[in-house]
Amino acid sequence: MSAETLRMPGTAFTRGHVHAVAGCYFVASFAALGLPPYLTEILPGLGDRHARWAGVLYVVPTVFGALGAPLWGRLADRYGRKRLLLRAQLGLAVAFLLAGWADSLATFTVALVLQGILGGTFAASNGYLGAALEGPALSKALTLMQGSARAALVVAPIVVGSLSGWLSPHRQYALLAVLPLGAALLLAALPEPEPAAQESANAPKTTCAAEPPLVSLKALYALEFAFVFSTVISFPYLIALVDDRLPGTSPTLSGVLFALPHLCYLVSALAVHSAFHSRPRTGLALGFAFIALGLAGHGIAGSLPTLIAVRLLLGAGLTLGLVCLSVLAADCAKGRAPGGMFGSLEFFSKAGAVAAGVAAAAGSARFGPAAPVLTGSAAAAVTVLATFLPPLTPRTRRSR
C-alpha cells in the first residue's frame, strides 16, 4: 500500500478520500449523537412535562435505522454507493430541520423516525468504502470510521452543552442540519467506484473460494450483535452507577469516566490494527475477555482509582473488539456486494443496541444500577468461548 493510493482498480482512491468520508461522517453525527442526551430538556417544551418519553424516543432512530439499513444497502449496490451515501446525508439534514422546528411531541417523534429511516450514514459510508477498497486497506478504513464515531460520541455532547447557553438543544437540531448538508457537498466531489473496478475486485473468485473467510457471515453478524449488546448496555446507567459508588461526583468527572473507553480507542486503534490484523479472532476473543473483566469490575469498584482502572480495561476491550470486527468485516466483504453486506451488519449492530437498552432498563429497575454492567459482563464472557467454536470457521465456498 503506497503512501498515496490505497487500492481501487481502475480509479485512484487516495487516503484523502478515506479521510473525507470519515470526516463527513463525524460532522454529520454531531446532532445524532450529541443531542439525544438532552431529550429530558427538550421534551418538556413539547408537552411531555416530565420527559417520560425520553427513553423511548432515545432508541427510535436506532430502531428505524436498523429496519432501513439492509434495504438502503441493497439499493446502493444497484444504483450506486455514492448516490446512496449522498441520500443518507441529505436525509439526515431533512430530519434534523424537521426536529428543530417541531412544535409538538408528535412532529418531533416523526422527525426522529425519519432520522432513522432516511439516515444510515455509517452503513452507507462503509458500503462506499467497501466498494473502493479491500483487505487491510478496507479494515484500516473501517477502523478510522469507528474512530470518527468515537470522536463524535465524546465531542458532540460537550459542544451541544456549550451552545445551550445561546440556543436551546431543541433548536440546535435545525442549526446542526447544516453539517450533513456540508458533508453532502464535499462527498459530491468524490469518485463513484467504477463498474470495471468492481469487476476487477470480484475477478479472483477462484482464489476467494480456495481461501474461505475467517468467519462466516452469520457468525460475523452474531459477533457484532454480541459486541454491541455487551458494551452499549453499560452506557445508559453509568452516571447513576458512578453517583451510587461515589456520591457527590461532579458531572464533569462523570463525563470523563464515561468518555475514557472511547478515548482509549482514539489513542490506540491504529496500533491495535497493526498488531492484530493478521490474527483478528485472537484479538476479538481477548477483547471480549477484557470487556467481561472490565464490566465485572464496575460491579465491585468502590473508589475513583478503581473506577478509572476498570474503565480503561473496558476501553482496551472496546478497542480490540471494534478493530478486529473491522478486520473480519473486510475479510467477509471480499467477493460480496458491499452495500448489502454492510447494511445487514448495521442492522445487527443496531439490534444489539436496542436489546442492550431494553435489558439495561429492565435490569436497573429490578436490581439497581450495577445490573446492566454485570449482564454485559456475562454476555461478553459467553462470547469469549463462542469465538473459538469450529462453526465460526466456514468450510464452504464464499457466496454473494
# chains A, B, ... in the order shown; residues from 1 in each chain; ligands from 1

$ residues_around --residues "region 36-53 of chain A" --least-positions-apart "4" --cutoff "12 Å" --atoms "only C-alpha atoms" --output "MDAnalysis selection string"
chainID A and resid 29:32 57:62 99:109 112 153 156:158 160:161 164 167:173 235:236 239 255

$ write_last_selection --atoms "N, CA and C atoms" --output "short mmCIF file (atom, residue, chain, number, x, y, z; two decimals), in the first residue's frame"
data_model
loop_
_atom_site.label_atom_id
_atom_site.label_comp_id
_atom_site.auth_asym_id
_atom_site.auth_seq_id
_atom_site.Cartn_x
_atom_site.Cartn_y
_atom_site.Cartn_z
N SER A 29 -22.63 13.30 12.36
CA SER A 29 -23.05 12.59 13.56
C SER A 29 -23.27 13.52 14.75
N PHE A 30 -22.93 14.79 14.60
CA PHE A 30 -23.00 15.69 15.76
C PHE A 30 -24.39 15.74 16.37
N ALA A 31 -25.40 16.00 15.57
CA ALA A 31 -26.75 16.08 16.12
C ALA A 31 -27.24 14.71 16.56
N ALA A 32 -26.94 13.68 15.75
CA ALA A 32 -27.43 12.33 16.05
C ALA A 32 -26.87 11.81 17.37
N LEU A 57 -37.96 7.60 22.95
CA LEU A 57 -37.51 8.39 21.81
C LEU A 57 -36.00 8.28 21.60
N TYR A 58 -35.27 7.96 22.66
CA TYR A 58 -33.81 7.79 22.53
C TYR A 58 -33.47 6.69 21.53
N VAL A 59 -34.29 5.62 21.51
CA VAL A 59 -33.96 4.47 20.65
C VAL A 59 -34.76 4.47 19.35
N VAL A 60 -35.69 5.44 19.16
CA VAL A 60 -36.49 5.45 17.94
C VAL A 60 -35.63 5.52 16.68
N PRO A 61 -34.65 6.45 16.57
CA PRO A 61 -33.82 6.47 15.36
C PRO A 61 -33.05 5.16 15.16
N THR A 62 -32.61 4.55 16.26
CA THR A 62 -31.87 3.30 16.16
C THR A 62 -32.73 2.19 15.60
N ALA A 99 -36.98 18.22 13.06
CA ALA A 99 -36.90 18.11 14.53
C ALA A 99 -36.69 19.48 15.16
N GLY A 100 -35.85 20.31 14.54
CA GLY A 100 -35.56 21.62 15.11
C GLY A 100 -36.74 22.57 15.09
N TRP A 101 -37.64 22.41 14.13
CA TRP A 101 -38.79 23.30 14.03
C TRP A 101 -40.08 22.65 14.51
N ALA A 102 -40.00 21.44 15.03
CA ALA A 102 -41.20 20.77 15.53
C ALA A 102 -41.78 21.54 16.70
N ASP A 103 -43.10 21.65 16.71
CA ASP A 103 -43.76 22.36 17.81
C ASP A 103 -44.69 21.46 18.60
N SER A 104 -44.59 20.15 18.39
CA SER A 104 -45.39 19.19 19.15
C SER A 104 -44.61 17.90 19.30
N LEU A 105 -44.99 17.12 20.28
CA LEU A 105 -44.32 15.84 20.52
C LEU A 105 -44.49 14.91 19.33
N ALA A 106 -45.67 14.93 18.70
CA ALA A 106 -45.94 14.06 17.56
C ALA A 106 -45.02 14.40 16.39
N THR A 107 -44.86 15.69 16.09
CA THR A 107 -44.00 16.09 14.97
C THR A 107 -42.54 15.76 15.27
N PHE A 108 -42.13 15.97 16.49
CA PHE A 108 -40.75 15.66 16.88
C PHE A 108 -40.49 14.15 16.74
N THR A 109 -41.47 13.33 17.13
CA THR A 109 -41.34 11.89 17.00
C THR A 109 -41.22 11.48 15.54
N LEU A 112 -37.73 12.05 14.37
CA LEU A 112 -36.78 11.03 14.81
C LEU A 112 -36.96 9.74 14.01
N LEU A 153 -18.90 10.84 19.57
CA LEU A 153 -19.57 10.47 20.83
C LEU A 153 -18.97 11.23 22.01
N ALA A 156 -19.36 15.68 20.67
CA ALA A 156 -20.66 16.28 20.36
C ALA A 156 -21.45 16.72 21.59
N PRO A 157 -21.61 15.85 22.63
CA PRO A 157 -22.38 16.31 23.80
C PRO A 157 -21.76 17.53 24.49
N ILE A 158 -20.43 17.62 24.44
CA ILE A 158 -19.76 18.77 25.06
C ILE A 158 -20.08 20.04 24.28
N VAL A 160 -22.68 20.57 22.26
CA VAL A 160 -24.10 20.89 22.42
C VAL A 160 -24.34 21.58 23.77
N GLY A 161 -23.72 21.05 24.82
CA GLY A 161 -23.86 21.66 26.14
C GLY A 161 -23.32 23.08 26.18
N SER A 164 -25.71 25.50 24.56
CA SER A 164 -27.04 25.59 25.17
C SER A 164 -27.30 26.94 25.84
N LEU A 167 -28.47 28.82 22.56
CA LEU A 167 -29.54 28.23 21.75
C LEU A 167 -29.95 26.92 22.40
N SER A 168 -31.25 26.73 22.59
CA SER A 168 -31.74 25.52 23.26
C SER A 168 -31.37 24.29 22.46
N PRO A 169 -31.15 23.14 23.13
CA PRO A 169 -30.85 21.90 22.40
C PRO A 169 -31.89 21.57 21.34
N HIS A 170 -33.16 21.91 21.61
CA HIS A 170 -34.22 21.64 20.63
C HIS A 170 -33.93 22.37 19.32
N ARG A 171 -33.65 23.66 19.39
CA ARG A 171 -33.41 24.43 18.17
C ARG A 171 -32.05 24.12 17.55
N GLN A 172 -31.15 23.53 18.32
CA GLN A 172 -29.86 23.15 17.76
C GLN A 172 -30.00 22.08 16.68
N TYR A 173 -31.07 21.29 16.73
CA TYR A 173 -31.30 20.33 15.65
C TYR A 173 -31.30 21.04 14.30
N PHE A 235 -23.87 1.84 28.95
CA PHE A 235 -23.91 3.28 28.72
C PHE A 235 -25.02 4.01 29.49
N PRO A 236 -26.30 3.56 29.40
CA PRO A 236 -27.39 4.41 29.89
C PRO A 236 -27.33 4.72 31.38
N ILE A 239 -23.74 6.87 34.66
CA ILE A 239 -23.70 8.03 35.53
C ILE A 239 -24.38 7.72 36.87
N GLY A 255 -18.57 12.66 33.29
CA GLY A 255 -18.44 12.68 31.84
C GLY A 255 -17.09 12.15 31.38
#

$ closest_atom_pairs --of "region 28-123 of chain A" --to "region 341-347 of chain A" --cutoff "6 Å" --atoms "only C-alpha atoms" --output "JSON lines"
{"residue": "A:Ala66", "atom": "CA", "partner": "A:Phe347", "partner_atom": "CA", "distance": 4.3}
{"residue": "A:Ala69", "atom": "CA", "partner": "A:Gly343", "partner_atom": "CA", "distance": 4.7}
{"residue": "A:Pro70", "atom": "CA", "partner": "A:Gly343", "partner_atom": "CA", "distance": 4.3}
{"residue": "A:Gly73", "atom": "CA", "partner": "A:Gly343", "partner_atom": "CA", "distance": 4.7}
{"residue": "A:Ala123", "atom": "CA", "partner": "A:Gly343", "partner_atom": "CA", "distance": 5.5}

$ write_last_selection --atoms "N, CA, C and O atoms" --output "mmCIF file, in the first residue's frame"
data_model
loop_
_atom_site.group_PDB
_atom_site.id
_atom_site.type_symbol
_atom_site.label_atom_id
_atom_site.label_comp_id
_atom_site.auth_asym_id
_atom_site.auth_seq_id
_atom_site.Cartn_x
_atom_site.Cartn_y
_atom_site.Cartn_z
ATOM 1 N N ALA A 66 -32.169 0.521 11.943
ATOM 2 C CA ALA A 66 -31.918 -0.915 11.773
ATOM 3 C C ALA A 66 -32.830 -1.506 10.713
ATOM 4 O O ALA A 66 -32.397 -2.325 9.891
ATOM 5 N N ALA A 69 -31.608 -0.113 7.125
ATOM 6 C CA ALA A 69 -30.223 -0.294 6.658
ATOM 7 C C ALA A 69 -30.063 -1.370 5.582
ATOM 8 O O ALA A 69 -29.397 -1.132 4.565
ATOM 9 N N PRO A 70 -30.633 -2.590 5.734
ATOM 10 C CA PRO A 70 -30.444 -3.600 4.677
ATOM 11 C C PRO A 70 -30.998 -3.165 3.323
ATOM 12 O O PRO A 70 -30.389 -3.409 2.277
ATOM 13 N N GLY A 73 -28.778 -0.585 1.748
ATOM 14 C CA GLY A 73 -27.546 -1.224 1.285
ATOM 15 C C GLY A 73 -27.729 -1.914 -0.053
ATOM 16 O O GLY A 73 -26.887 -1.796 -0.956
ATOM 17 N N ALA A 123 -23.550 3.001 7.732
ATOM 18 C CA ALA A 123 -23.614 1.863 6.816
ATOM 19 C C ALA A 123 -23.343 2.307 5.384
ATOM 20 O O ALA A 123 -22.647 1.615 4.626
#

$ atom_distance --atom1 "CA of Gly130 (chain A)" --atom2 "CA of Ala93 (chain A)"
24.3 Å

$ residues_around --residues "Leu138 (chain A)" --least-positions-apart "3" --cutoff "10 Å" --atoms "only C-alpha atoms" --output "PDB file with N, CA, C and O atoms, in the first residue's frame"
ATOM      1  N   LEU A   6      -4.635   3.729  -1.862  1.00  0.00           N
ATOM      2  CA  LEU A   6      -4.945   2.571  -1.035  1.00  0.00           C
ATOM      3  C   LEU A   6      -5.172   1.347  -1.899  1.00  0.00           C
ATOM      4  O   LEU A   6      -4.462   0.375  -1.819  1.00  0.00           O
ATOM      5  N   ARG A   7      -6.231   1.317  -2.686  1.00  0.00           N
ATOM      6  CA  ARG A   7      -6.451   0.284  -3.681  1.00  0.00           C
ATOM      7  C   ARG A   7      -7.834   0.433  -4.292  1.00  0.00           C
ATOM      8  O   ARG A   7      -8.848   0.272  -3.631  1.00  0.00           O
ATOM      9  N   VAL A  18     -10.530   8.613   1.834  1.00  0.00           N
ATOM     10  CA  VAL A  18     -10.973   7.907   3.040  1.00  0.00           C
ATOM     11  C   VAL A  18     -11.173   8.890   4.188  1.00  0.00           C
ATOM     12  O   VAL A  18     -12.173   8.836   4.914  1.00  0.00           O
ATOM     13  N   ASN A 126     -19.596   2.921   4.985  1.00  0.00           N
ATOM     14  CA  ASN A 126     -18.856   1.660   4.933  1.00  0.00           C
ATOM     15  C   ASN A 126     -19.092   0.932   3.615  1.00  0.00           C
ATOM     16  O   ASN A 126     -18.184   0.298   3.072  1.00  0.00           O
ATOM     17  N   LEU A 129     -16.917   2.652   1.048  1.00  0.00           N
ATOM     18  CA  LEU A 129     -15.517   2.260   1.210  1.00  0.00           C
ATOM     19  C   LEU A 129     -15.301   0.807   0.791  1.00  0.00           C
ATOM     20  O   LEU A 129     -14.270   0.465   0.212  1.00  0.00           O
ATOM     21  N   GLY A 130     -16.286  -0.062   1.089  1.00  0.00           N
ATOM     22  CA  GLY A 130     -16.170  -1.464   0.719  1.00  0.00           C
ATOM     23  C   GLY A 130     -16.161  -1.684  -0.777  1.00  0.00           C
ATOM     24  O   GLY A 130     -15.612  -2.676  -1.266  1.00  0.00           O
ATOM     25  N   ALA A 131     -16.768  -0.769  -1.533  1.00  0.00           N
ATOM     26  CA  ALA A 131     -16.745  -0.862  -2.984  1.00  0.00           C
ATOM     27  C   ALA A 131     -15.428  -0.379  -3.561  1.00  0.00           C
ATOM     28  O   ALA A 131     -15.068  -0.721  -4.689  1.00  0.00           O
ATOM     29  N   ALA A 132     -14.686   0.420  -2.794  1.00  0.00           N
ATOM     30  CA  ALA A 132     -13.452   1.015  -3.295  1.00  0.00           C
ATOM     31  C   ALA A 132     -12.194   0.321  -2.800  1.00  0.00           C
ATOM     32  O   ALA A 132     -11.151   0.404  -3.437  1.00  0.00           O
ATOM     33  N   LEU A 133     -12.272  -0.368  -1.663  1.00  0.00           N
ATOM     34  CA  LEU A 133     -11.089  -0.934  -1.023  1.00  0.00           C
ATOM     35  C   LEU A 133     -11.305  -2.392  -0.705  1.00  0.00           C
ATOM     36  O   LEU A 133     -12.435  -2.892  -0.723  1.00  0.00           O
ATOM     37  N   GLU A 134     -10.231  -3.065  -0.359  1.00  0.00           N
ATOM     38  CA  GLU A 134     -10.332  -4.450   0.085  1.00  0.00           C
ATOM     39  C   GLU A 134      -9.171  -4.782   1.008  1.00  0.00           C
ATOM     40  O   GLU A 134      -8.189  -4.047   1.093  1.00  0.00           O
ATOM     41  N   GLY A 135      -9.307  -5.894   1.731  1.00  0.00           N
ATOM     42  CA  GLY A 135      -8.233  -6.389   2.578  1.00  0.00           C
ATOM     43  C   GLY A 135      -7.829  -5.421   3.679  1.00  0.00           C
ATOM     44  O   GLY A 135      -8.669  -4.724   4.258  1.00  0.00           O
ATOM     45  N   ALA A 141      -9.568   1.417   6.929  1.00  0.00           N
ATOM     46  CA  ALA A 141     -10.546   2.478   6.712  1.00  0.00           C
ATOM     47  C   ALA A 141     -11.742   2.323   7.651  1.00  0.00           C
ATOM     48  O   ALA A 141     -12.258   3.306   8.189  1.00  0.00           O
ATOM     49  N   LEU A 142     -12.190   1.080   7.862  1.00  0.00           N
ATOM     50  CA  LEU A 142     -13.298   0.842   8.783  1.00  0.00           C
ATOM     51  C   LEU A 142     -12.896   1.199  10.221  1.00  0.00           C
ATOM     52  O   LEU A 142     -13.720   1.685  11.006  1.00  0.00           O
ATOM     53  N   THR A 143     -11.638   0.948  10.564  1.00  0.00           N
ATOM     54  CA  THR A 143     -11.129   1.341  11.876  1.00  0.00           C
ATOM     55  C   THR A 143     -11.167   2.850  12.035  1.00  0.00           C
ATOM     56  O   THR A 143     -11.531   3.381  13.096  1.00  0.00           O
ATOM     57  N   LEU A 144     -10.812   3.577  10.969  1.00  0.00           N
ATOM     58  CA  LEU A 144     -10.873   5.038  11.002  1.00  0.00           C
ATOM     59  C   LEU A 144     -12.314   5.514  11.142  1.00  0.00           C
ATOM     60  O   LEU A 144     -12.596   6.481  11.865  1.00  0.00           O
ATOM     61  N   SER A 326     -13.719  -5.026  12.488  1.00  0.00           N
ATOM     62  CA  SER A 326     -13.489  -4.359  11.204  1.00  0.00           C
ATOM     63  C   SER A 326     -12.658  -5.233  10.277  1.00  0.00           C
ATOM     64  O   SER A 326     -12.926  -5.315   9.073  1.00  0.00           O
ATOM     65  N   VAL A 327     -11.642  -5.906  10.827  1.00  0.00           N
ATOM     66  CA  VAL A 327     -10.814  -6.808  10.018  1.00  0.00           C
ATOM     67  C   VAL A 327     -11.655  -7.973   9.498  1.00  0.00           C
ATOM     68  O   VAL A 327     -11.574  -8.348   8.318  1.00  0.00           O
ATOM     69  N   ALA A 329     -14.903  -8.012   9.077  1.00  0.00           N
ATOM     70  CA  ALA A 329     -15.874  -7.499   8.116  1.00  0.00           C
ATOM     71  C   ALA A 329     -15.219  -7.279   6.756  1.00  0.00           C
ATOM     72  O   ALA A 329     -15.802  -7.598   5.707  1.00  0.00           O
ATOM     73  N   ALA A 330     -14.005  -6.732   6.738  1.00  0.00           N
ATOM     74  CA  ALA A 330     -13.292  -6.524   5.480  1.00  0.00           C
ATOM     75  C   ALA A 330     -13.004  -7.858   4.797  1.00  0.00           C
ATOM     76  O   ALA A 330     -13.096  -7.973   3.565  1.00  0.00           O
ATOM     77  N   ASP A 331     -12.698  -8.879   5.582  1.00  0.00           N
ATOM     78  CA  ASP A 331     -12.442 -10.205   5.028  1.00  0.00           C
ATOM     79  C   ASP A 331     -13.720 -10.797   4.427  1.00  0.00           C
ATOM     80  O   ASP A 331     -13.697 -11.365   3.337  1.00  0.00           O
ATOM     81  N   ALA A 333     -16.159  -9.156   3.227  1.00  0.00           N
ATOM     82  CA  ALA A 333     -16.635  -8.337   2.108  1.00  0.00           C
ATOM     83  C   ALA A 333     -16.050  -8.772   0.771  1.00  0.00           C
ATOM     84  O   ALA A 333     -16.589  -8.419  -0.280  1.00  0.00           O
TER      85      ALA A 333
END

$ atom_distance --atom1 "CA of Leu98 (chain A)" --atom2 "CA of Arg74 (chain A)"
27.0 Å
